[in-house]
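**Q** Sending over final_4.pdb (PDB, C-alpha atoms).
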```pdb
ATOM      1  CA  MET A   1      45.394 110.609 177.848
ATOM      2  CA  VAL A   2      48.425 112.055 176.077
ATOM      3  CA  ALA A   3      48.368 111.386 172.351
ATOM      4  CA  LEU A   4      51.758 110.257 171.036
ATOM      5  CA  SER A   5      50.999 109.617 167.377
ATOM      6  CA  TYR A   6      53.002 110.856 164.400
ATOM      7  CA  ASP A   7      52.021 114.316 163.219
ATOM      8  CA  ILE A   8      53.392 116.918 160.832
ATOM      9  CA  SER A   9      52.269 119.687 163.249
ATOM     10  CA  GLN A  10      54.706 118.312 165.839
ATOM     11  CA  TYR A  11      57.477 119.035 163.357
ATOM     12  CA  TYR A  12      56.614 122.731 163.661
ATOM     13  CA  GLN A  13      56.675 122.523 167.454
ATOM     14  CA  CYS A  14      60.151 120.936 167.481
ATOM     15  CA  ALA A  15      61.416 123.548 165.037
ATOM     16  CA  ASN A  16      59.964 126.237 167.330
ATOM     17  CA  TYR A  17      61.674 124.743 170.404
ATOM     18  CA  LEU A  18      64.945 124.550 168.504
ATOM     19  CA  SER A  19      64.708 128.195 167.468
ATOM     20  CA  TYR A  20      63.826 129.295 171.012
ATOM     21  CA  GLY A  21      66.621 127.231 172.570
ATOM     22  CA  ILE A  22      69.243 128.546 170.153
ATOM     23  CA  GLU A  23      68.110 132.096 170.986
ATOM     24  CA  LEU A  24      68.904 131.239 174.624
ATOM     25  CA  GLY A  25      72.370 130.026 173.617
ATOM     26  CA  ILE A  26      71.673 126.283 173.944
ATOM     27  CA  GLU A  27      73.485 124.084 171.434
ATOM     28  CA  GLN A  28      71.359 122.250 168.862
ATOM     29  CA  ASP A  29      72.861 118.854 169.766
ATOM     30  CA  LYS A  30      71.799 119.285 173.406
ATOM     31  CA  LEU A  31      68.250 120.147 172.367
ATOM     32  CA  LEU A  32      67.921 117.109 170.081
ATOM     33  CA  GLN A  33      69.727 114.607 172.332
ATOM     34  CA  GLY A  34      67.837 111.327 172.663
ATOM     35  CA  SER A  35      65.023 112.392 170.325
ATOM     36  CA  GLY A  36      66.221 110.498 167.247
ATOM     37  CA  LEU A  37      65.931 113.739 165.281
ATOM     38  CA  THR A  38      68.594 115.703 163.443
ATOM     39  CA  GLY A  39      68.780 119.361 162.551
ATOM     40  CA  GLY A  40      68.553 118.395 158.885
ATOM     41  CA  GLN A  41      65.244 116.574 159.449
ATOM     42  CA  LEU A  42      63.770 119.706 161.008
ATOM     43  CA  THR A  43      64.349 121.646 157.815
ATOM     44  CA  ASP A  44      62.063 119.194 155.972
ATOM     45  CA  HIS A  45      58.492 120.498 156.169
ATOM     46  CA  GLU A  46      57.114 117.022 155.376
ATOM     47  CA  GLN A  47      58.995 115.397 158.259
ATOM     48  CA  LEU A  48      56.730 113.335 160.534
ATOM     49  CA  VAL A  49      57.609 113.730 164.206
ATOM     50  CA  GLU A  50      56.308 111.449 166.946
ATOM     51  CA  GLY A  51      54.766 112.927 170.075
ATOM     52  CA  LYS A  52      57.374 111.340 172.320
ATOM     53  CA  GLN A  53      60.111 112.896 170.163
ATOM     54  CA  GLU A  54      58.552 116.326 170.642
ATOM     55  CA  LEU A  55      58.402 115.785 174.400
ATOM     56  CA  GLN A  56      62.047 114.700 174.449
ATOM     57  CA  VAL A  57      63.118 117.927 172.724
ATOM     58  CA  LEU A  58      60.941 119.922 175.110
ATOM     59  CA  ASN A  59      62.441 118.067 178.084
ATOM     60  CA  ASN A  60      65.973 118.818 176.834
ATOM     61  CA  LEU A  61      65.030 122.479 176.572
ATOM     62  CA  MET A  62      63.698 122.424 180.118
ATOM     63  CA  LEU A  63      66.836 120.755 181.508
ATOM     64  CA  ASN A  64      68.978 123.514 180.023
ATOM     65  CA  THR A  65      66.953 126.387 181.521
ATOM     66  CA  LEU A  66      66.277 127.508 185.091
ATOM     67  CA  CYS A  67      62.496 128.016 185.263
ATOM     68  CA  PRO A  68      60.112 125.597 183.450
ATOM     69  CA  PHE A  69      57.165 127.881 184.187
ATOM     70  CA  LYS A  70      58.857 130.815 182.462
ATOM     71  CA  VAL A  71      59.808 128.642 179.473
ATOM     72  CA  GLY A  72      56.183 127.505 179.163
ATOM     73  CA  MET A  73      54.966 131.099 179.261
ATOM     74  CA  GLU A  74      57.447 132.325 176.669
ATOM     75  CA  LEU A  75      56.767 129.403 174.324
ATOM     76  CA  GLY A  76      52.994 129.897 174.688
ATOM     77  CA  CYS A  77      53.326 133.564 173.739
ATOM     78  CA  ARG A  78      54.877 132.492 170.424
ATOM     79  CA  TYR A  79      51.612 130.925 169.245
ATOM     80  CA  HIS A  80      49.224 132.784 166.962
ATOM     81  CA  LEU A  81      46.149 131.876 164.938
ATOM     82  CA  THR A  82      48.425 131.000 162.022
ATOM     83  CA  SER A  83      50.027 128.322 164.242
ATOM     84  CA  TYR A  84      46.776 126.338 163.868
ATOM     85  CA  GLY A  85      46.668 126.363 160.059
ATOM     86  CA  ILE A  86      43.171 125.978 158.598
ATOM     87  CA  MET A  87      41.728 125.626 162.095
ATOM     88  CA  GLY A  88      42.959 129.144 162.911
ATOM     89  CA  TYR A  89      40.920 130.547 160.042
ATOM     90  CA  ALA A  90      37.884 128.555 161.191
ATOM     91  CA  LEU A  91      38.213 130.038 164.693
ATOM     92  CA  LEU A  92      38.550 133.566 163.322
ATOM     93  CA  ALA A  93      35.511 133.177 161.029
ATOM     94  CA  SER A  94      33.246 131.794 163.796
ATOM     95  CA  SER A  95      30.149 133.859 164.573
ATOM     96  CA  THR A  96      30.756 134.081 168.350
ATOM     97  CA  ALA A  97      33.393 133.160 170.924
ATOM     98  CA  ARG A  98      31.156 130.295 172.072
ATOM     99  CA  LYS A  99      31.154 128.850 168.564
ATOM    100  CA  ALA A 100      34.931 129.305 168.316
ATOM    101  CA  ILE A 101      35.548 127.511 171.629
ATOM    102  CA  GLU A 102      33.191 124.664 170.715
ATOM    103  CA  LEU A 103      34.964 124.284 167.375
ATOM    104  CA  GLY A 104      38.368 124.366 169.061
ATOM    105  CA  LEU A 105      37.397 121.619 171.502
ATOM    106  CA  ARG A 106      35.846 119.556 168.702
ATOM    107  CA  TYR A 107      39.050 119.625 166.660
ATOM    108  CA  LEU A 108      41.531 119.668 169.544
ATOM    109  CA  ASP A 109      43.400 116.738 167.976
ATOM    110  CA  LEU A 110      44.480 119.058 165.146
ATOM    111  CA  THR A 111      46.364 121.343 167.540
ATOM    112  CA  TYR A 112      49.748 121.157 169.255
ATOM    113  CA  VAL A 113      48.304 120.750 172.788
ATOM    114  CA  PHE A 114      48.999 117.807 175.083
ATOM    115  CA  SER A 115      46.628 119.117 177.787
ATOM    116  CA  GLN A 116      42.989 118.170 178.220
ATOM    117  CA  ILE A 117      40.639 121.172 177.959
ATOM    118  CA  THR A 118      37.023 121.418 179.130
ATOM    119  CA  LEU A 119      34.423 124.206 179.148
ATOM    120  CA  THR A 120      32.826 124.185 182.622
ATOM    121  CA  GLU A 121      29.703 126.012 183.808
ATOM    122  CA  LEU A 122      30.002 127.797 187.137
ATOM    123  CA  LYS A 123      27.246 129.498 189.116
ATOM    124  CA  ASP A 124      27.629 132.909 187.490
ATOM    125  CA  ASP A 125      30.357 132.270 184.956
ATOM    126  CA  LEU A 126      31.991 129.814 182.582
ATOM    127  CA  SER A 127      35.550 128.592 182.819
ATOM    128  CA  LEU A 128      37.920 126.953 180.383
ATOM    129  CA  ARG A 129      39.886 124.406 182.431
ATOM    130  CA  PHE A 130      43.185 122.724 181.619
ATOM    131  CA  SER A 131      44.796 119.562 182.969
ATOM    132  CA  CYS A 132      47.890 117.630 181.900
ATOM    133  CA  ASP A 133      48.828 114.072 182.871
ATOM    134  CA  ILE A 134      52.515 114.417 181.944
ATOM    135  CA  PRO A 135      54.318 114.116 185.305
ATOM    136  CA  GLY A 136      56.771 116.500 186.954
ATOM    137  CA  GLU A 137      58.203 119.783 185.751
ATOM    138  CA  LEU A 138      57.783 118.803 182.094
ATOM    139  CA  GLY A 139      54.043 118.496 182.679
ATOM    140  CA  GLU A 140      54.008 121.938 184.294
ATOM    141  CA  LEU A 141      55.872 123.426 181.324
ATOM    142  CA  VAL A 142      53.465 121.815 178.830
ATOM    143  CA  LEU A 143      50.399 122.942 180.797
ATOM    144  CA  VAL A 144      51.610 126.545 180.998
ATOM    145  CA  ARG A 145      52.545 126.563 177.306
ATOM    146  CA  ASP A 146      49.111 125.239 176.309
ATOM    147  CA  MET A 147      47.300 127.777 178.500
ATOM    148  CA  LEU A 148      49.341 130.744 177.286
ATOM    149  CA  GLY A 149      48.918 129.607 173.674
ATOM    150  CA  ALA A 150      45.131 129.497 174.144
ATOM    151  CA  ALA A 151      45.187 132.939 175.772
ATOM    152  CA  MET A 152      47.059 134.376 172.796
ATOM    153  CA  ILE A 153      44.445 132.901 170.456
ATOM    154  CA  GLN A 154      41.618 134.493 172.473
ATOM    155  CA  ARG A 155      43.316 137.870 172.213
ATOM    156  CA  GLU A 156      43.596 137.535 168.426
ATOM    157  CA  VAL A 157      40.037 136.257 168.002
ATOM    158  CA  PHE A 158      38.643 139.247 169.935
ATOM    159  CA  GLU A 159      41.261 141.608 168.481
ATOM    160  CA  SER A 160      41.663 143.174 171.911
ATOM    161  CA  ASN A 161      44.536 143.761 174.322
ATOM    162  CA  ASP A 162      42.182 144.349 177.270
ATOM    163  CA  LEU A 163      39.996 141.287 177.876
ATOM    164  CA  PRO A 164      37.961 140.900 181.115
ATOM    165  CA  ILE A 165      39.309 137.396 181.689
ATOM    166  CA  LYS A 166      41.646 136.009 184.312
ATOM    167  CA  LEU A 167      44.312 133.370 183.664
ATOM    168  CA  GLN A 168      44.826 131.309 186.801
ATOM    169  CA  PHE A 169      47.222 128.616 187.997
ATOM    170  CA  THR A 170      47.060 126.265 190.967
ATOM    171  CA  SER A 171      50.804 126.632 191.566
ATOM    172  CA  PRO A 172      52.434 129.527 193.436
ATOM    173  CA  GLN A 173      54.175 132.256 191.433
ATOM    174  CA  PRO A 174      57.779 131.180 190.766
ATOM    175  CA  ALA A 175      60.328 133.276 192.622
ATOM    176  CA  GLY A 176      61.754 136.091 190.518
ATOM    177  CA  LEU A 177      59.232 135.648 187.676
ATOM    178  CA  SER A 178      58.182 139.022 186.249
ATOM    179  CA  LEU A 179      54.660 139.104 184.822
ATOM    180  CA  GLU A 180      54.383 142.627 183.414
ATOM    181  CA  GLY A 181      55.524 141.771 179.901
ATOM    182  CA  ILE A 182      53.307 138.672 179.760
ATOM    183  CA  LYS A 183      50.261 140.601 181.031
ATOM    184  CA  GLN A 184      50.757 143.224 178.321
ATOM    185  CA  LYS A 185      50.912 140.539 175.630
ATOM    186  CA  LEU A 186      47.816 138.755 176.914
ATOM    187  CA  GLY A 187      45.686 141.714 177.934
ATOM    188  CA  ALA A 188      44.475 139.649 180.898
ATOM    189  CA  GLU A 189      45.050 139.294 184.639
ATOM    190  CA  ILE A 190      47.086 136.398 186.058
ATOM    191  CA  GLN A 191      46.409 134.699 189.396
ATOM    192  CA  PHE A 192      48.372 132.026 191.282
ATOM    193  CA  ASN A 193      47.381 129.586 194.073
ATOM    194  CA  ALA A 194      43.984 129.157 192.402
ATOM    195  CA  SER A 195      41.598 126.198 192.750
ATOM    196  CA  TYR A 196      42.097 125.083 189.140
ATOM    197  CA  ASN A 197      44.173 125.845 186.033
ATOM    198  CA  GLY A 198      42.302 127.796 183.380
ATOM    199  CA  PHE A 199      40.383 130.951 182.453
ATOM    200  CA  THR A 200      37.525 132.696 184.236
ATOM    201  CA  GLY A 201      35.432 135.675 183.157
ATOM    202  CA  LEU A 202      34.337 134.123 179.855
ATOM    203  CA  ALA A 203      30.552 134.449 180.268
ATOM    204  CA  PRO A 204      30.196 138.108 179.119
ATOM    205  CA  LEU A 205      32.264 137.362 176.005
ATOM    206  CA  LEU A 206      30.813 134.087 174.778
ATOM    207  CA  ASP A 207      27.891 135.337 172.704
ATOM    208  CA  LEU A 208      29.364 138.592 171.420
ATOM    209  CA  PRO A 209      29.695 138.682 167.590
ATOM    210  CA  LEU A 210      33.283 138.355 166.413
ATOM    211  CA  LEU A 211      34.651 141.098 164.172
ATOM    212  CA  LYS A 212      35.728 138.796 161.325
ATOM    213  CA  ALA A 213      32.786 136.394 161.484
ATOM    214  CA  ASN A 214      31.953 134.889 158.099
ATOM    215  CA  GLU A 215      29.521 131.990 157.968
ATOM    216  CA  ALA A 216      30.582 130.746 154.525
ATOM    217  CA  THR A 217      34.294 130.824 155.421
ATOM    218  CA  ALA A 218      33.613 129.132 158.769
ATOM    219  CA  ARG A 219      31.700 126.292 157.073
ATOM    220  CA  LEU A 220      34.392 125.802 154.432
ATOM    221  CA  CYS A 221      37.219 125.795 156.995
ATOM    222  CA  GLU A 222      35.382 123.437 159.346
ATOM    223  CA  ALA A 223      34.769 121.012 156.472
ATOM    224  CA  GLN A 224      38.524 120.951 155.849
ATOM    225  CA  CYS A 225      39.181 120.513 159.590
ATOM    226  CA  ASN A 226      36.768 117.583 159.587
ATOM    227  CA  GLN A 227      38.595 116.000 156.655
ATOM    228  CA  LEU A 228      41.987 116.468 158.339
ATOM    229  CA  LEU A 229      40.658 115.024 161.585
ATOM    230  CA  GLN A 230      39.328 111.924 159.848
ATOM    231  CA  GLN A 231      42.707 111.412 158.156
ATOM    232  CA  LYS A 232      44.516 111.757 161.474
ATOM    233  CA  GLN A 233      42.049 109.509 163.281
ATOM    234  CA  ASN A 234      42.668 106.762 160.767
ATOM    235  CA  TRP A 235      46.095 106.327 162.414
ATOM    236  CA  LYS A 236      44.485 105.301 165.738
ATOM    237  CA  PRO A 237      42.574 102.142 166.705
ATOM    238  CA  VAL A 238      38.875 102.971 166.856
ATOM    239  CA  ALA A 239      38.478 101.704 170.441
ATOM    240  CA  LYS A 240      41.246 104.060 171.622
ATOM    241  CA  LEU A 241      39.597 106.873 169.695
ATOM    242  CA  VAL A 242      36.232 106.191 171.350
ATOM    243  CA  LYS A 243      37.857 106.067 174.809
ATOM    244  CA  ASP A 244      39.576 109.430 174.282
ATOM    245  CA  THR A 245      36.343 110.987 172.985
ATOM    246  CA  LEU A 246      34.359 109.657 175.953
ATOM    247  CA  VAL A 247      36.855 111.222 178.340
ATOM    248  CA  HIS A 248      36.580 114.490 176.388
ATOM    249  CA  LEU A 249      32.764 114.601 176.071
ATOM    250  CA  GLY A 250      31.994 113.002 179.441
ATOM    251  CA  LEU A 251      30.447 109.705 180.503
ATOM    252  CA  ALA A 252      26.925 110.955 179.771
ATOM    253  CA  ALA A 253      27.723 110.888 176.032
ATOM    254  CA  SER A 254      25.819 108.262 174.050
ATOM    255  CA  MET A 255      27.113 106.121 171.205
ATOM    256  CA  GLU A 256      25.290 108.482 168.858
ATOM    257  CA  ASP A 257      27.105 111.465 170.412
ATOM    258  CA  ILE A 258      30.479 109.747 170.004
ATOM    259  CA  ALA A 259      29.764 108.755 166.393
ATOM    260  CA  GLN A 260      28.698 112.301 165.512
ATOM    261  CA  HIS A 261      31.821 113.734 167.180
ATOM    262  CA  LEU A 262      33.966 111.316 165.151
ATOM    263  CA  ALA A 263      32.190 112.241 161.902
ATOM    264  CA  ARG A 264      30.753 108.801 161.146
ATOM    265  CA  THR A 265      27.436 106.990 161.523
ATOM    266  CA  THR A 266      26.521 104.853 164.534
ATOM    267  CA  ARG A 267      26.350 101.825 162.251
ATOM    268  CA  THR A 268      29.892 102.456 160.959
ATOM    269  CA  LEU A 269      31.214 102.919 164.499
ATOM    270  CA  HIS A 270      29.562  99.670 165.627
ATOM    271  CA  ARG A 271      31.074  97.802 162.670
ATOM    272  CA  GLN A 272      34.554  99.248 163.283
ATOM    273  CA  LEU A 273      34.461  98.292 166.965
ATOM    274  CA  THR A 274      33.301  94.787 166.050
ATOM    275  CA  LEU A 275      36.271  94.420 163.689
ATOM    276  CA  GLU A 276      38.506  95.258 166.663
ATOM    277  CA  GLN A 277      36.699  92.534 168.651
ATOM    278  CA  THR A 278      35.122  94.942 171.106
ATOM    279  CA  SER A 279      31.862  96.885 171.519
ATOM    280  CA  TRP A 280      30.476 100.246 172.576
ATOM    281  CA  ARG A 281      29.470  98.812 175.970
ATOM    282  CA  GLN A 282      32.907  97.305 176.557
ATOM    283  CA  VAL A 283      34.734 100.521 175.695
ATOM    284  CA  ARG A 284      32.355 102.599 177.830
ATOM    285  CA  ASP A 285      32.822 100.222 180.779
ATOM    286  CA  ASP A 286      36.616 100.350 180.381
ATOM    287  CA  VAL A 287      36.512 104.144 180.649
ATOM    288  CA  ARG A 288      33.923 104.227 183.414
ATOM    289  CA  PHE A 289      35.653 101.683 185.645
ATOM    290  CA  GLY A 290      39.084 103.097 184.898
ATOM    291  CA  ILE A 291      37.825 106.387 186.344
ATOM    292  CA  ALA A 292      36.190 104.453 189.203
ATOM    293  CA  GLU A 293      39.531 102.884 190.156
ATOM    294  CA  ALA A 294      41.119 106.336 190.334
ATOM    295  CA  LEU A 295      38.251 107.732 192.457
ATOM    296  CA  LEU A 296      38.416 104.761 194.823
ATOM    297  CA  LEU A 297      41.949 105.835 195.740
ATOM    298  CA  THR A 298      40.460 109.034 197.178
ATOM    299  CA  PRO A 299      38.355 109.393 200.380
ATOM    300  CA  MET A 300      35.236 109.994 198.275
ATOM    301  CA  GLN A 301      32.103 108.123 199.419
ATOM    302  CA  LEU A 302      30.735 105.306 197.208
ATOM    303  CA  ASP A 303      27.419 107.105 196.613
ATOM    304  CA  GLU A 304      29.283 110.187 195.394
ATOM    305  CA  ILE A 305      31.470 108.088 193.067
ATOM    306  CA  ALA A 306      28.347 106.339 191.787
ATOM    307  CA  GLU A 307      26.700 109.688 191.033
ATOM    308  CA  ARG A 308      29.783 110.981 189.192
ATOM    309  CA  LEU A 309      29.897 107.841 187.048
ATOM    310  CA  GLY A 310      26.204 107.930 186.173
ATOM    311  CA  PHE A 311      24.924 105.083 188.391
ATOM    312  CA  SER A 312      21.586 105.392 190.174
ATOM    313  CA  ASP A 313      23.084 104.584 193.583
ATOM    314  CA  GLY A 314      26.052 103.041 195.393
ATOM    315  CA  ALA A 315      24.560  99.541 195.349
ATOM    316  CA  ASN A 316      24.149  99.578 191.569
ATOM    317  CA  PHE A 317      27.710 100.860 191.196
ATOM    318  CA  SER A 318      29.076  98.148 193.528
ATOM    319  CA  HIS A 319      27.262  95.402 191.612
ATOM    320  CA  SER A 320      28.534  96.639 188.231
ATOM    321  CA  PHE A 321      32.083  97.131 189.553
ATOM    322  CA  LYS A 322      32.163  93.568 190.916
ATOM    323  CA  ARG A 323      30.865  92.193 187.597
ATOM    324  CA  CYS A 324      33.650  94.000 185.729
ATOM    325  CA  LYS A 325      36.558  93.675 188.196
ATOM    326  CA  ASN A 326      35.665  90.479 190.109
ATOM    327  CA  MET A 327      35.799  92.337 193.434
ATOM    328  CA  THR A 328      33.705  94.922 195.231
ATOM    329  CA  PRO A 329      34.750  98.597 195.386
ATOM    330  CA  SER A 330      35.515  98.144 199.106
ATOM    331  CA  GLN A 331      37.748  95.163 198.366
ATOM    332  CA  TYR A 332      39.539  97.127 195.640
ATOM    333  CA  ARG A 333      40.053 100.023 198.051
ATOM    334  CA  LYS A 334      41.478  97.735 200.727
ATOM    335  CA  GLN A 335      43.773  95.980 198.228
ATOM    336  CA  ALA A 336      45.052  99.294 196.830
ATOM    337  CA  LYS A 337      46.097 100.442 200.311
ATOM    338  CA  LYS A 338      48.338  97.410 200.919
TER     339      LYS A 338
END
```
Just dump the structure as structure tokens.
**A**
Amino acid sequence: MVALSYDISQYYQCANYLSYGIELGIEQDKLLQGSGLTGGQLTDHEQLVEGKQELQVLNNLMLNTLCPFKVGMELGCRYHLTSYGIMGYALLASSTARKAIELGLRYLDLTYVFSQITLTELKDDLSLRFSCDIPGELGELVLVRDMLGAAMIQREVFESNDLPIKLQFTSPQPAGLSLEGIKQKLGAEIQFNASYNGFTGLAPLLDLPLLKANEATARLCEAQCNQLLQQKQNWKPVAKLVKDTLVHLGLAASMEDIAQHLARTTRTLHRQLTLEQTSWRQVRDDVRFGIAEALLLTPMQLDEIAERLGFSDGANFSHSFKRCKNMTPSQYRKQAKK
């Protein structure tokens, strides 16, 4: 899910887009059209900007350029560890790349990204995968920006311009797009027409000690990240927060896992959900059967869907789906095709 809350960090993104667009010769009024923002507001470092306002500015930028993919790449290359504030220092002070990635995923809500990011185990490697549910060319721009921004961070964390990783995209290479300058900045290979969006070649790097590792600094910075995350999370309903965390951690996560991820006790989480007139089971079922509805629109067999959602078999899945949705998976499938 795309988070569209108010955030000071989104102020910095809009200011960055404005600067980039003006460098391209685009008028400020065109870049801010329909966003409800003014140039004066973007000189105020305390200005709160809503996620949908940031996306509007980014969409205006896209509409006034020729290649969204190129814009995403160039914007992504503008990000550095300092773009993440205290989280950047926490990443840099981590003991290994694995610890840095785990920390980054844990505090993803403190970053500028709209994409979902997961660390996935392959047979002989690990991959960092990206997906974005913003539709159309704007979604492509955001995805590319988020991936390039993450690649720049990896380069700075390892302090190397020659990393054995590959940045890959499912889309074909845009016509006329030159990659030489980008490759030099990233220190990594780039592949198109791939099976997923993300990075490969991470396994040999994950457990290498980082040059600026400092356990005391890492602990101090993570404590501040945790405090910032709790402050930000207070702006969201707890049920929505639990749903987003379940999607991030996976359906196998327990209530205890979710509570720990959200920096609170299981008892506190239970009480907060009760105050919102819901429960852990209800929220988990909402997520599980929301995913089920999406999978039922594909040709996937019921037993395979059941396995993905953590059910023992197709019959158990069908019974639970009917209890929740008042129809069987087959009936839902037939109705969706009408």
**Q** Return as a ChimeraX atom specification the set of residues that the PyMOL selection byres ((chain A and resi 189-204) around 6) yields on the displayed structure.
**A** /A:125-130,165-173,188,205-206
**Q** Would you give me, as JSON lines, each residue of range 119-163 of chain A having an atom within 6 Å of an atom of range 107-115 of chain A, along with its shortest atom pair and that distance in Å to one decimal, using only C-alpha atoms and sorting by chain and residue number?
**A**
```
{"residue": "A:Ser131", "atom": "CA", "partner": "A:Ser115", "partner_atom": "CA", "distance": 5.5}
{"residue": "A:Cys132", "atom": "CA", "partner": "A:Ser115", "partner_atom": "CA", "distance": 4.6}
{"residue": "A:Asp146", "atom": "CA", "partner": "A:Val113", "partner_atom": "CA", "distance": 5.8}
```
**Q** How would you write as a list in words the residues that get within 10 Å of (68.1, 125.9, 170.6) in the file's frame, counting only C-alpha atoms?
**A**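 Here is the list of nearby residues: Cys14, Ala15, Asn16, Tyr17, Leu18, Ser19, Tyr20, Gly21, Ile22, Glu23, Leu24, Gly25, Ile26, Glu27, Gln28, Asp29, Lys30, Leu31, Leu32, Val57, Asn60, Leu61 and Asn64 of chain A.
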**Q** Atoms to include: C-alpha atoms. Write the selected residues as an mmCIF file, keeping the file's coordinate frame.
**A**
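And here's selection08.cif as it stands now:
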```cif
data_model
loop_
_atom_site.group_PDB
_atom_site.id
_atom_site.type_symbol
_atom_site.label_atom_id
_atom_site.label_comp_id
_atom_site.auth_asym_id
_atom_site.auth_seq_id
_atom_site.Cartn_x
_atom_site.Cartn_y
_atom_site.Cartn_z
ATOM 1 C CA CYS A 14 60.151 120.936 167.481
ATOM 2 C CA ALA A 15 61.416 123.548 165.037
ATOM 3 C CA ASN A 16 59.964 126.237 167.330
ATOM 4 C CA TYR A 17 61.674 124.743 170.404
ATOM 5 C CA LEU A 18 64.945 124.550 168.504
ATOM 6 C CA SER A 19 64.708 128.195 167.468
ATOM 7 C CA TYR A 20 63.826 129.295 171.012
ATOM 8 C CA GLY A 21 66.621 127.231 172.570
ATOM 9 C CA ILE A 22 69.243 128.546 170.153
ATOM 10 C CA GLU A 23 68.110 132.096 170.986
ATOM 11 C CA LEU A 24 68.904 131.239 174.624
ATOM 12 C CA GLY A 25 72.370 130.026 173.617
ATOM 13 C CA ILE A 26 71.673 126.283 173.944
ATOM 14 C CA GLU A 27 73.485 124.084 171.434
ATOM 15 C CA GLN A 28 71.359 122.250 168.862
ATOM 16 C CA ASP A 29 72.861 118.854 169.766
ATOM 17 C CA LYS A 30 71.799 119.285 173.406
ATOM 18 C CA LEU A 31 68.250 120.147 172.367
ATOM 19 C CA LEU A 32 67.921 117.109 170.081
ATOM 20 C CA VAL A 57 63.118 117.927 172.724
ATOM 21 C CA ASN A 60 65.973 118.818 176.834
ATOM 22 C CA LEU A 61 65.030 122.479 176.572
ATOM 23 C CA ASN A 64 68.978 123.514 180.023
#
```
**Q** Could you write out as a ChimeraX atom specification the residues that the PyMOL selection byres ((chain A and resi 139) around 12) matches in the shown file?
**A** /A:2,55,58-59,62,68-69,72,113-116,130-138,140-146
**Q** Taking the file as shown, what set of residues would the PyMOL selection byres ((chain A and resi 315-325) around 9) give back, as a ChimeraX atom specification?
**A** /A:285-286,289,292,302-303,305-307,309-314,326-330,332
**Q** I need the chosen residues saved as a PDB file, keeping the file's coordinate frame, with C-alpha atoms.
**A**
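What follows is the written file part_13.pdb:
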```pdb
ATOM      1  CA  ASP A 285      32.822 100.222 180.779  1.00  0.00           C
ATOM      2  CA  ASP A 286      36.616 100.350 180.381  1.00  0.00           C
ATOM      3  CA  PHE A 289      35.653 101.683 185.645  1.00  0.00           C
ATOM      4  CA  ALA A 292      36.190 104.453 189.203  1.00  0.00           C
ATOM      5  CA  LEU A 302      30.735 105.306 197.208  1.00  0.00           C
ATOM      6  CA  ASP A 303      27.419 107.105 196.613  1.00  0.00           C
ATOM      7  CA  ILE A 305      31.470 108.088 193.067  1.00  0.00           C
ATOM      8  CA  ALA A 306      28.347 106.339 191.787  1.00  0.00           C
ATOM      9  CA  GLU A 307      26.700 109.688 191.033  1.00  0.00           C
ATOM     10  CA  LEU A 309      29.897 107.841 187.048  1.00  0.00           C
ATOM     11  CA  GLY A 310      26.204 107.930 186.173  1.00  0.00           C
ATOM     12  CA  PHE A 311      24.924 105.083 188.391  1.00  0.00           C
ATOM     13  CA  SER A 312      21.586 105.392 190.174  1.00  0.00           C
ATOM     14  CA  ASP A 313      23.084 104.584 193.583  1.00  0.00           C
ATOM     15  CA  GLY A 314      26.052 103.041 195.393  1.00  0.00           C
ATOM     16  CA  ASN A 326      35.665  90.479 190.109  1.00  0.00           C
ATOM     17  CA  MET A 327      35.799  92.337 193.434  1.00  0.00           C
ATOM     18  CA  THR A 328      33.705  94.922 195.231  1.00  0.00           C
ATOM     19  CA  PRO A 329      34.750  98.597 195.386  1.00  0.00           C
ATOM     20  CA  SER A 330      35.515  98.144 199.106  1.00  0.00           C
ATOM     21  CA  TYR A 332      39.539  97.127 195.640  1.00  0.00           C
TER      22      TYR A 332
END
```
**Q** Enter the distance from CA of Leu210 in chain A to CA of Tyr84 in chain A, in Å, rounded to one decimal.
**A**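 Taking CA of Leu210 in chain A as the start and CA of Tyr84 in chain A as the end point, the length is 18.2 Å.
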